[in-house]
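J.: Got a file for you: target_26.cif, mmCIF, C-alpha atoms.
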data_coords
loop_
_atom_site.label_atom_id
_atom_site.label_comp_id
_atom_site.auth_asym_id
_atom_site.auth_seq_id
_atom_site.Cartn_x
_atom_site.Cartn_y
_atom_site.Cartn_z
CA MET D 1245 -116.40 95.03 11.78
CA THR D 1246 -119.00 93.62 9.45
CA GLY D 1247 -118.65 91.20 6.57
CA SER D 1248 -120.25 89.67 3.52
CA GLU D 1249 -120.06 86.08 2.44
CA SER D 1250 -120.52 84.52 -0.96
CA ALA D 1251 -119.43 80.92 -0.41
CA PRO D 1252 -119.72 78.10 2.14
CA THR D 1253 -117.49 78.47 5.19
CA ARG D 1254 -116.38 74.82 5.53
CA VAL D 1255 -112.60 74.62 5.84
CA ASP D 1256 -111.02 71.99 3.58
CA THR D 1257 -108.07 70.56 5.49
CA SER D 1258 -107.41 67.75 3.01
CA ARG D 1259 -105.22 69.91 0.78
CA PRO D 1260 -102.97 72.90 1.44
CA HIS D 1261 -104.12 76.44 0.77
CA PRO D 1262 -101.61 79.14 -0.29
CA ALA D 1263 -102.81 81.58 2.37
CA ARG D 1264 -102.21 79.05 5.12
CA VAL D 1265 -98.83 78.01 3.71
CA TYR D 1266 -97.89 81.70 3.69
CA ASP D 1267 -99.14 81.99 7.28
CA TRP D 1268 -96.79 79.19 8.34
CA TRP D 1269 -93.83 80.92 6.70
CA LEU D 1270 -94.70 84.06 8.66
CA GLY D 1271 -94.77 82.12 11.93
CA GLY D 1272 -98.56 82.14 12.23
CA LYS D 1273 -100.74 79.53 13.93
CA ASP D 1274 -103.75 79.54 11.60
CA ASN D 1275 -102.68 76.63 9.41
CA TYR D 1276 -103.06 72.87 9.33
CA PRO D 1277 -100.58 69.95 9.12
CA VAL D 1278 -101.13 69.67 5.37
CA ASP D 1279 -100.17 73.36 5.00
CA GLU D 1280 -97.11 72.98 7.23
CA GLU D 1281 -95.96 69.92 5.30
CA LEU D 1282 -96.02 71.78 1.98
CA ALA D 1283 -94.49 74.90 3.54
CA ARG D 1284 -91.56 72.87 4.88
CA ARG D 1285 -91.04 71.05 1.58
CA ILE D 1286 -90.99 74.31 -0.35
CA LEU D 1287 -88.65 75.91 2.17
CA ALA D 1288 -86.27 72.96 1.79
CA ALA D 1289 -86.34 73.43 -1.99
CA ASP D 1290 -86.15 77.22 -1.98
CA GLY D 1291 -84.50 78.84 1.01
CA THR D 1292 -85.72 82.31 -0.02
CA VAL D 1293 -89.41 81.78 0.76
CA VAL D 1294 -89.47 82.87 4.42
CA ARG D 1295 -87.58 86.09 3.80
CA GLY D 1296 -89.71 86.56 0.68
CA ALA D 1297 -92.90 86.32 2.75
CA ARG D 1298 -91.52 88.83 5.24
CA ALA D 1299 -90.35 91.16 2.47
CA ASN D 1300 -93.82 91.03 0.94
CA ARG D 1301 -95.39 92.06 4.23
CA ARG D 1302 -93.02 94.98 4.61
CA PHE D 1303 -93.70 96.05 1.02
CA MET D 1304 -97.45 96.00 1.72
CA HIS D 1305 -96.86 98.20 4.75
CA ARG D 1306 -94.75 100.72 2.81
CA ALA D 1307 -97.11 100.88 -0.17
CA THR D 1308 -100.14 101.28 2.10
CA ARG D 1309 -98.50 104.11 4.01
CA ALA D 1310 -97.52 105.78 0.73
CA ALA D 1311 -101.12 105.60 -0.52
CA ALA D 1312 -102.54 106.91 2.75
CA ARG D 1313 -100.03 109.76 2.88
CA ALA D 1314 -101.01 110.65 -0.69
CA GLY D 1315 -104.64 111.03 0.35
CA ILE D 1316 -106.13 107.61 -0.39
CA ARG D 1317 -108.78 106.75 2.18
CA GLN D 1318 -110.22 103.56 0.69
CA PHE D 1319 -108.39 100.24 0.38
CA LEU D 1320 -109.41 96.94 -1.22
CA ASP D 1321 -107.04 94.08 -0.40
CA ILE D 1322 -107.73 90.93 -2.45
CA GLY D 1323 -106.13 87.69 -1.34
CA THR D 1324 -105.45 89.09 2.10
CA GLY D 1325 -104.66 85.71 3.63
CA ILE D 1326 -104.65 85.02 7.36
CA PRO D 1327 -104.71 88.34 9.25
CA THR D 1328 -101.19 88.97 10.56
CA GLN D 1329 -100.58 92.08 12.65
CA PRO D 1330 -99.99 94.76 11.71
CA ASN D 1331 -102.35 94.18 8.81
CA LEU D 1332 -103.24 96.60 6.05
CA HIS D 1333 -106.09 98.30 7.93
CA GLN D 1334 -103.87 98.98 10.92
CA VAL D 1335 -101.18 100.50 8.73
CA ALA D 1336 -103.62 102.67 6.77
CA GLN D 1337 -105.56 103.81 9.83
CA GLN D 1338 -102.39 104.69 11.68
CA VAL D 1339 -101.74 107.28 8.96
CA ALA D 1340 -105.41 108.22 8.40
CA PRO D 1341 -107.79 106.88 11.09
CA GLU D 1342 -110.82 107.50 8.87
CA SER D 1343 -109.62 105.03 6.24
CA LYS D 1344 -112.04 102.37 5.02
CA VAL D 1345 -110.60 98.94 4.32
CA VAL D 1346 -112.20 95.89 2.72
CA TYR D 1347 -110.46 92.53 2.63
CA ALA D 1348 -111.40 89.75 0.20
CA ASP D 1349 -110.26 86.13 0.29
CA ASN D 1350 -111.61 82.74 -0.74
CA ASP D 1351 -110.22 80.75 2.21
CA PRO D 1352 -112.96 79.96 4.78
CA ILE D 1353 -110.43 80.06 7.61
CA VAL D 1354 -109.90 83.76 6.90
CA LEU D 1355 -113.63 84.32 7.22
CA ARG D 1356 -113.67 82.30 10.43
CA HIS D 1357 -110.99 84.48 12.01
CA ALA D 1358 -111.95 87.80 10.46
CA GLU D 1359 -114.31 89.02 13.16
CA ALA D 1360 -111.83 88.30 15.91
CA LEU D 1361 -108.75 89.64 14.16
CA LEU D 1362 -109.80 92.58 11.99
CA HIS D 1363 -110.60 95.40 14.37
CA GLY D 1364 -110.17 98.88 12.93
CA SER D 1365 -110.12 102.42 14.27
CA ALA D 1366 -113.22 104.10 15.67
CA GLU D 1367 -113.12 106.67 12.87
CA GLY D 1368 -112.70 104.23 9.98
CA THR D 1369 -114.20 100.89 8.95
CA THR D 1370 -112.75 97.45 8.37
CA ASP D 1371 -114.80 94.85 6.52
CA TYR D 1372 -114.38 91.46 4.88
CA VAL D 1373 -115.94 89.69 1.91
CA HIS D 1374 -115.59 85.99 1.21
CA ALA D 1375 -115.04 85.74 -2.54
CA ASP D 1376 -112.47 84.67 -5.11
CA VAL D 1377 -110.29 87.09 -7.08
CA ARG D 1378 -111.51 85.34 -10.25
CA ASP D 1379 -115.01 86.67 -9.53
CA PRO D 1380 -114.54 90.45 -9.84
CA GLU D 1381 -118.26 91.08 -10.22
CA THR D 1382 -118.95 89.61 -6.79
CA ILE D 1383 -115.96 91.21 -5.10
CA LEU D 1384 -116.70 94.67 -6.48
CA ARG D 1385 -120.41 94.36 -5.70
CA LEU D 1386 -119.77 93.36 -2.09
CA ALA D 1387 -116.91 95.82 -1.64
CA GLY D 1388 -119.20 98.53 -3.01
CA GLU D 1389 -121.43 98.03 0.01
CA PHE D 1390 -118.63 99.47 2.15
CA LEU D 1391 -116.55 101.60 -0.24
CA ASP D 1392 -117.52 104.41 -2.60
CA LEU D 1393 -116.11 103.09 -5.87
CA ALA D 1394 -116.73 106.48 -7.49
CA GLN D 1395 -113.80 107.70 -5.36
CA PRO D 1396 -110.16 106.54 -5.53
CA VAL D 1397 -109.31 103.16 -4.05
CA ALA D 1398 -105.97 101.47 -3.43
CA LEU D 1399 -106.32 97.97 -4.90
CA SER D 1400 -103.79 95.61 -3.36
CA LEU D 1401 -102.94 92.14 -4.70
CA VAL D 1402 -99.76 91.27 -2.86
CA ALA D 1403 -98.21 87.88 -3.69
CA LEU D 1404 -101.38 86.77 -5.48
CA THR D 1405 -100.95 86.99 -9.26
CA HIS D 1406 -98.44 84.13 -9.37
CA TYR D 1407 -101.34 81.80 -8.53
CA LEU D 1408 -103.23 82.93 -11.63
CA GLY D 1409 -102.59 81.83 -15.21
CA ASP D 1410 -102.70 84.09 -18.26
CA ALA D 1411 -104.45 81.82 -20.78
CA SER D 1412 -107.49 83.47 -22.33
CA ASP D 1413 -109.54 80.33 -21.72
CA GLY D 1414 -108.33 80.13 -18.10
CA ASP D 1415 -107.70 82.75 -15.44
CA ASP D 1416 -106.71 85.41 -18.01
CA VAL D 1417 -104.88 87.27 -15.25
CA TYR D 1418 -104.10 90.31 -17.42
CA GLY D 1419 -107.73 90.68 -18.48
CA LEU D 1420 -108.83 90.08 -14.89
CA LEU D 1421 -106.67 92.90 -13.53
CA LYS D 1422 -107.73 95.20 -16.36
CA GLY D 1423 -111.36 94.55 -15.43
CA TYR D 1424 -110.78 95.60 -11.83
CA ILE D 1425 -108.89 98.74 -12.86
CA GLU D 1426 -111.56 99.79 -15.37
CA VAL D 1427 -114.17 99.90 -12.60
CA LEU D 1428 -112.04 101.95 -10.21
CA ALA D 1429 -112.07 105.74 -10.21
CA PRO D 1430 -109.22 107.87 -11.58
CA GLY D 1431 -106.63 108.41 -8.89
CA SER D 1432 -106.89 104.80 -7.73
CA TRP D 1433 -103.72 102.88 -6.91
CA LEU D 1434 -102.65 99.37 -7.95
CA VAL D 1435 -100.25 97.61 -5.56
CA LEU D 1436 -98.74 94.32 -6.76
CA SER D 1437 -96.00 91.86 -5.98
CA GLN D 1438 -95.23 88.65 -7.85
CA VAL D 1439 -92.74 85.78 -7.66
CA THR D 1440 -90.22 85.72 -10.51
CA SER D 1441 -87.84 83.11 -11.85
CA ASP D 1442 -85.50 85.90 -13.01
CA ILE D 1443 -83.90 85.72 -9.56
CA SER D 1444 -82.90 82.38 -8.00
CA PRO D 1445 -84.46 80.45 -10.91
CA GLU D 1446 -83.59 76.93 -9.74
CA GLY D 1447 -85.19 77.36 -6.31
CA VAL D 1448 -88.24 79.14 -7.69
CA GLU D 1449 -88.88 76.42 -10.26
CA LYS D 1450 -88.61 73.74 -7.57
CA ALA D 1451 -91.07 75.65 -5.37
CA ALA D 1452 -93.42 76.15 -8.30
CA GLY D 1453 -93.32 72.42 -9.03
CA LEU D 1454 -94.21 71.57 -5.43
CA PHE D 1455 -97.13 73.98 -5.48
CA ARG D 1456 -98.40 72.43 -8.70
CA GLN D 1457 -98.03 68.90 -7.35
CA SER D 1458 -100.19 69.94 -4.38
CA GLY D 1459 -102.94 71.12 -6.72
CA THR D 1460 -102.12 74.83 -6.63
CA PRO D 1461 -101.25 76.40 -10.02
CA PHE D 1462 -98.15 78.58 -9.84
CA PHE D 1463 -96.82 80.98 -12.47
CA PRO D 1464 -93.53 82.83 -11.82
CA ARG D 1465 -93.22 85.77 -14.22
CA SER D 1466 -90.37 87.71 -15.76
CA ARG D 1467 -89.89 91.42 -15.25
CA ALA D 1468 -91.48 92.14 -18.64
CA GLU D 1469 -94.46 89.88 -17.88
CA PHE D 1470 -94.97 91.47 -14.48
CA SER D 1471 -94.65 94.98 -15.92
CA ARG D 1472 -97.60 94.25 -18.24
CA PHE D 1473 -99.94 94.51 -15.25
CA PHE D 1474 -99.24 98.25 -15.15
CA ASP D 1475 -99.91 99.00 -18.83
CA GLY D 1476 -101.90 102.22 -19.17
CA LEU D 1477 -101.16 103.28 -15.58
CA GLU D 1478 -98.66 105.76 -14.13
CA LEU D 1479 -95.95 103.57 -12.62
CA GLN D 1480 -94.58 105.15 -9.46
CA GLU D 1481 -90.92 105.44 -8.53
CA PRO D 1482 -88.77 103.42 -8.43
CA GLY D 1483 -90.77 101.39 -10.98
CA VAL D 1484 -90.70 97.59 -11.12
CA VAL D 1485 -87.98 96.42 -8.75
CA ALA D 1486 -87.16 93.59 -6.38
CA VAL D 1487 -89.67 93.79 -3.55
CA SER D 1488 -87.17 94.95 -0.91
CA GLU D 1489 -86.03 97.78 -3.20
CA TRP D 1490 -89.42 99.49 -3.50
CA GLN D 1491 -88.96 102.69 -1.47
CA PRO D 1492 -86.95 100.75 1.13
CA GLU D 1493 -86.75 101.68 4.77
CA PRO D 1494 -83.78 100.85 7.04
CA GLU D 1495 -85.26 97.46 7.96
CA ASP D 1496 -85.48 96.55 4.28
CA VAL D 1497 -81.92 97.63 3.57
CA ALA D 1498 -80.72 95.51 6.49
CA ALA D 1499 -82.77 92.51 5.31
CA GLN D 1500 -81.17 92.65 1.86
CA ALA D 1501 -77.96 91.41 3.46
CA GLU D 1502 -79.75 88.11 4.25
CA GLY D 1503 -79.89 87.23 0.56
CA VAL D 1504 -81.95 87.61 -2.58
CA VAL D 1505 -85.75 87.63 -2.67
CA PRO D 1506 -87.15 86.47 -6.04
CA VAL D 1507 -90.17 88.74 -5.96
CA TYR D 1508 -90.95 91.84 -8.04
CA ALA D 1509 -93.05 94.72 -6.76
CA GLY D 1510 -94.64 97.79 -8.28
CA VAL D 1511 -97.20 100.49 -7.61
CA ALA D 1512 -99.11 102.50 -10.22
CA ILE D 1513 -101.89 105.09 -10.33
CA LYS D 1514 -104.83 105.27 -12.71
CA SER D 1515 -105.02 108.62 -14.53
#
Just give me the structure of the file as structure tokens.
T.:
Amino acid sequence: MTGSESAPTRVDTSRPHPARVYDWWLGGKDNYPVDEELARRILAADGTVVRGARANRRFMHRATRAAARAGIRQFLDIGTGIPTQPNLHQVAQQVAPESKVVYADNDPIVLRHAEALLHGSAEGTTDYVHADVRDPETILRLAGEFLDLAQPVALSLVALTHYLGDASDGDDVYGLLKGYIEVLAPGSWLVLSQVTSDISPEGVEKAAGLFRQSGTPFFPRSRAEFSRFFDGLELQEPGVVAVSEWQPEPEDVAAQAEGVVPVYAGVAIKS
């Protein structure tokens, strides 16, 4: 594996980072006490978060397999978080060993662990760039060193957009996503999941408040707001649904009995 870096690698352990909080929910070890503290507080306020994190991972696996089975051989995963096996490259390369995968994240701890954790198949490539989703020019430039952006790419932003605002003088998340899609070739896929307050609103609002208090913006979105991300694209069946209901496998059906997961998911293709 190789990688590109666009920011200092010092790990800030004075405040929690969403990727490390998520890692704790998944049972990972690559987090710090400040991350665990927030993760526990949010879990106490919203009992859905652990199963939501697990459901998100399974959705990523299913969507990646679907893209690979449909012929996609290039994957760009933004906001990958701490590598947790099986990660996207392992799923894609199990279907198509020649797949090329680039991860992008702004957390230095991901960069620190990338070389040790992100080993791909002999036929394919697995690479990492250290950059923020809000800087598409840098991400696409660095990813273009490893991927052929003139060919279809599966762009994955799983459980990321709820950290981005939609104000035009701020993150402008809708404009940001549109900018990524415009650069990608026809036939490219967009894979998204997003926390919603449509489901379990009280718990989600409490969790959102705790994130905000910790310094992390958090924006649950309605079904209509989430669906806007796919405007102009061919939304794939079954459309925008609860994350466990997107082309579920037996494990997902069984997990639904554990309770609701306030997360929407969707996959679309650029014509």
J.: Just want the 10 Å neighbourhood of Val1417 in chain D, counted on all atoms listed in the file, with same-chain residues fewer than 3 positions away dropped. Output as a list in words.
T.: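 In the requested form, the answer reads Val1377, Arg1378, Thr1405, His1406, Tyr1407, Leu1408, Gly1409, Asp1410, Ala1411, Ser1412, Gly1414, Leu1420, Leu1421, Lys1422, Gly1423 and Phe1473 of chain D.
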J.: If we count all atoms listed in the file, what is near Ser1437 in chain D at a cut-off of 6 Å, once residues fewer than 2 positions away on the same chain are taken out, given as a PyMOL selection string?
T.: chain D and resi 1402-1403+1508-1509
J.: Please evaluate the PyMOL selection byres ((chain D and resi 1466) around 8) against the structure above and give the resulting residues as a compact mmCIF listing (two decimals) with C-alpha atoms, keeping the file's coordinate frame.
T.:
# COMPACT_ATOMS: atom_id res chain seq x y z
CA THR D 1440 -90.22 85.72 -10.51
CA SER D 1441 -87.84 83.11 -11.85
CA ASP D 1442 -85.50 85.90 -13.01
CA PRO D 1464 -93.53 82.83 -11.82
CA ARG D 1465 -93.22 85.77 -14.22
CA ARG D 1467 -89.89 91.42 -15.25
CA ALA D 1468 -91.48 92.14 -18.64
CA GLU D 1469 -94.46 89.88 -17.88
CA PHE D 1470 -94.97 91.47 -14.48
J.: For the atom pair CA of Leu1404 in chain D and CA of Asn1275 in chain D, what is the interatomic distance in Å to one decimal place?
T.: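 Interatomic distance here is 18.1 Å.
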J.: I'd like the interatomic distance between CA of Ile1286 in chain D and CA of Ala1451 in chain D, to a tenth of an Å.
T.: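 CA of Ile1286 in chain D sits 5.2 Å away from CA of Ala1451 in chain D.
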J.: Any chance you could resolve the PyMOL selection byres ((chain D and resi 1296-1308) around 9) against this file and give the residues as an MDAnalysis selection string?
T.: chainID D and resid 1266:1267 1269:1270 1292:1295 1309:1313 1319 1330:1333 1335:1336 1398 1400 1402:1403 1435:1437 1439 1487:1493 1495:1496 1499 1504:1507 1509 1511
J.: Pick the closest to Leu1401 in chain D from D:Gly1272, D:Pro1277, D:Gly1323, D:Gly1453: which is it, counting only C-alpha atoms?
T.: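 Once distances to Leu1401 in chain D are computed over only C-alpha atoms, the minimum belongs to D:Gly1323.
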J.: At what distance in Å, to one decimal, does CA of Phe1462 in chain D lie from CA of Tyr1347 in chain D?
T.: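 These two atoms are separated by 22.4 Å.
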J.: For the provided coordinates, the residues matched by the PyMOL selection byres ((chain D and resi 1372) around 6) should be stated as a ChimeraX atom specification.
T.: /D:1247,1346-1348,1371,1373
J.: Mind checking which residues fall within 12 Å of Leu1428 in chain D, counting all atoms listed in the file, ignoring those fewer than 4 positions away in the same chain, and posting them as a PyMOL selection string?
T.: chain D and resi 1318-1320+1380+1384+1387-1388+1391-1399+1421-1424+1432-1434+1513-1515
J.: Of the residues D:Glu1342, D:Leu1287, D:Val1427, D:Gly1325, which is the one nearest to Arg1356 in chain D, using only C-alpha atoms?
T.: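 Under the stated criterion, the closest residue is D:Gly1325.
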J.: Write out as a PyMOL selection string which residues come within 10 Å of Phe1455 in chain D when counting only C-alpha atoms, dropping same-chain ones fewer than 6 positions away.
T.: chain D and resi 1260-1262+1282-1283+1285-1286+1407+1449+1461-1463
J.: Would you please work out which residue, of D:Gln1457, D:Ser1343, D:Thr1257, D:Gln1334, is nearest to Thr1369 in chain D when using all atoms listed in the file?
T.: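 Residue with the minimum atom-to-atom distance to Thr1369 in chain D: D:Ser1343.
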J.: Missing atoms in range 1255-1283 of chain D: can you complete it with N, CA and C atoms, as a compact mmCIF listing (two decimals), in the frame of the given file?
T.:
# COMPACT_ATOMS: atom_id res chain seq x y z
N VAL D 1255 -114.04 74.59 6.09
CA VAL D 1255 -112.60 74.62 5.84
C VAL D 1255 -112.15 73.25 5.34
N ASP D 1256 -111.54 73.22 4.16
CA ASP D 1256 -111.02 71.99 3.58
C ASP D 1256 -109.59 71.79 4.07
N THR D 1257 -109.40 70.81 4.95
CA THR D 1257 -108.07 70.56 5.49
C THR D 1257 -107.39 69.36 4.81
N SER D 1258 -107.98 68.90 3.71
CA SER D 1258 -107.41 67.75 3.01
C SER D 1258 -106.32 68.15 2.04
N ARG D 1259 -106.24 69.42 1.70
CA ARG D 1259 -105.22 69.91 0.78
C ARG D 1259 -104.74 71.27 1.25
N PRO D 1260 -103.50 71.61 0.97
CA PRO D 1260 -102.97 72.90 1.44
C PRO D 1260 -103.61 74.07 0.71
N HIS D 1261 -103.63 75.20 1.38
CA HIS D 1261 -104.12 76.44 0.77
C HIS D 1261 -102.98 77.46 0.83
N PRO D 1262 -102.74 78.20 -0.26
CA PRO D 1262 -101.61 79.14 -0.29
C PRO D 1262 -101.60 80.12 0.88
N ALA D 1263 -102.77 80.61 1.28
CA ALA D 1263 -102.81 81.58 2.37
C ALA D 1263 -102.32 80.97 3.66
N ARG D 1264 -102.62 79.70 3.87
CA ARG D 1264 -102.21 79.05 5.12
C ARG D 1264 -100.74 78.63 5.06
N VAL D 1265 -100.26 78.28 3.87
CA VAL D 1265 -98.83 78.01 3.71
C VAL D 1265 -98.04 79.28 4.01
N TYR D 1266 -98.52 80.38 3.46
CA TYR D 1266 -97.89 81.70 3.69
C TYR D 1266 -97.91 82.03 5.18
N ASP D 1267 -99.02 81.73 5.84
CA ASP D 1267 -99.14 81.99 7.28
C ASP D 1267 -98.07 81.22 8.04
N TRP D 1268 -97.81 79.97 7.65
CA TRP D 1268 -96.79 79.19 8.34
C TRP D 1268 -95.42 79.83 8.16
N TRP D 1269 -95.12 80.27 6.94
CA TRP D 1269 -93.83 80.92 6.70
C TRP D 1269 -93.66 82.17 7.56
N LEU D 1270 -94.77 82.85 7.85
CA LEU D 1270 -94.70 84.06 8.66
C LEU D 1270 -94.71 83.77 10.16
N GLY D 1271 -94.76 82.49 10.51
CA GLY D 1271 -94.77 82.12 11.93
C GLY D 1271 -96.15 82.12 12.54
N GLY D 1272 -97.19 82.12 11.72
CA GLY D 1272 -98.56 82.14 12.23
C GLY D 1272 -99.01 80.78 12.72
N LYS D 1273 -100.18 80.76 13.35
CA LYS D 1273 -100.74 79.53 13.93
C LYS D 1273 -102.01 79.09 13.23
N ASP D 1274 -102.47 79.84 12.26
CA ASP D 1274 -103.75 79.54 11.60
C ASP D 1274 -103.51 78.72 10.34
N ASN D 1275 -102.93 77.54 10.53
CA ASN D 1275 -102.68 76.63 9.41
C ASN D 1275 -102.83 75.21 9.93
N TYR D 1276 -102.82 74.26 8.99
CA TYR D 1276 -103.06 72.87 9.33
C TYR D 1276 -101.84 72.03 8.96
N PRO D 1277 -101.75 70.78 9.45
CA PRO D 1277 -100.58 69.95 9.12
C PRO D 1277 -100.31 69.84 7.64
N VAL D 1278 -101.34 69.77 6.82
CA VAL D 1278 -101.13 69.67 5.37
C VAL D 1278 -100.48 70.93 4.83
N ASP D 1279 -100.80 72.10 5.42
CA ASP D 1279 -100.17 73.36 5.00
C ASP D 1279 -98.71 73.40 5.45
N GLU D 1280 -98.47 72.98 6.70
CA GLU D 1280 -97.11 72.98 7.23
C GLU D 1280 -96.21 72.03 6.43
N GLU D 1281 -96.75 70.88 6.07
CA GLU D 1281 -95.96 69.92 5.30
C GLU D 1281 -95.48 70.52 3.98
N LEU D 1282 -96.41 71.16 3.25
CA LEU D 1282 -96.02 71.78 1.98
C LEU D 1282 -95.08 72.94 2.22
N ALA D 1283 -95.35 73.75 3.25
CA ALA D 1283 -94.49 74.90 3.54
C ALA D 1283 -93.06 74.46 3.82
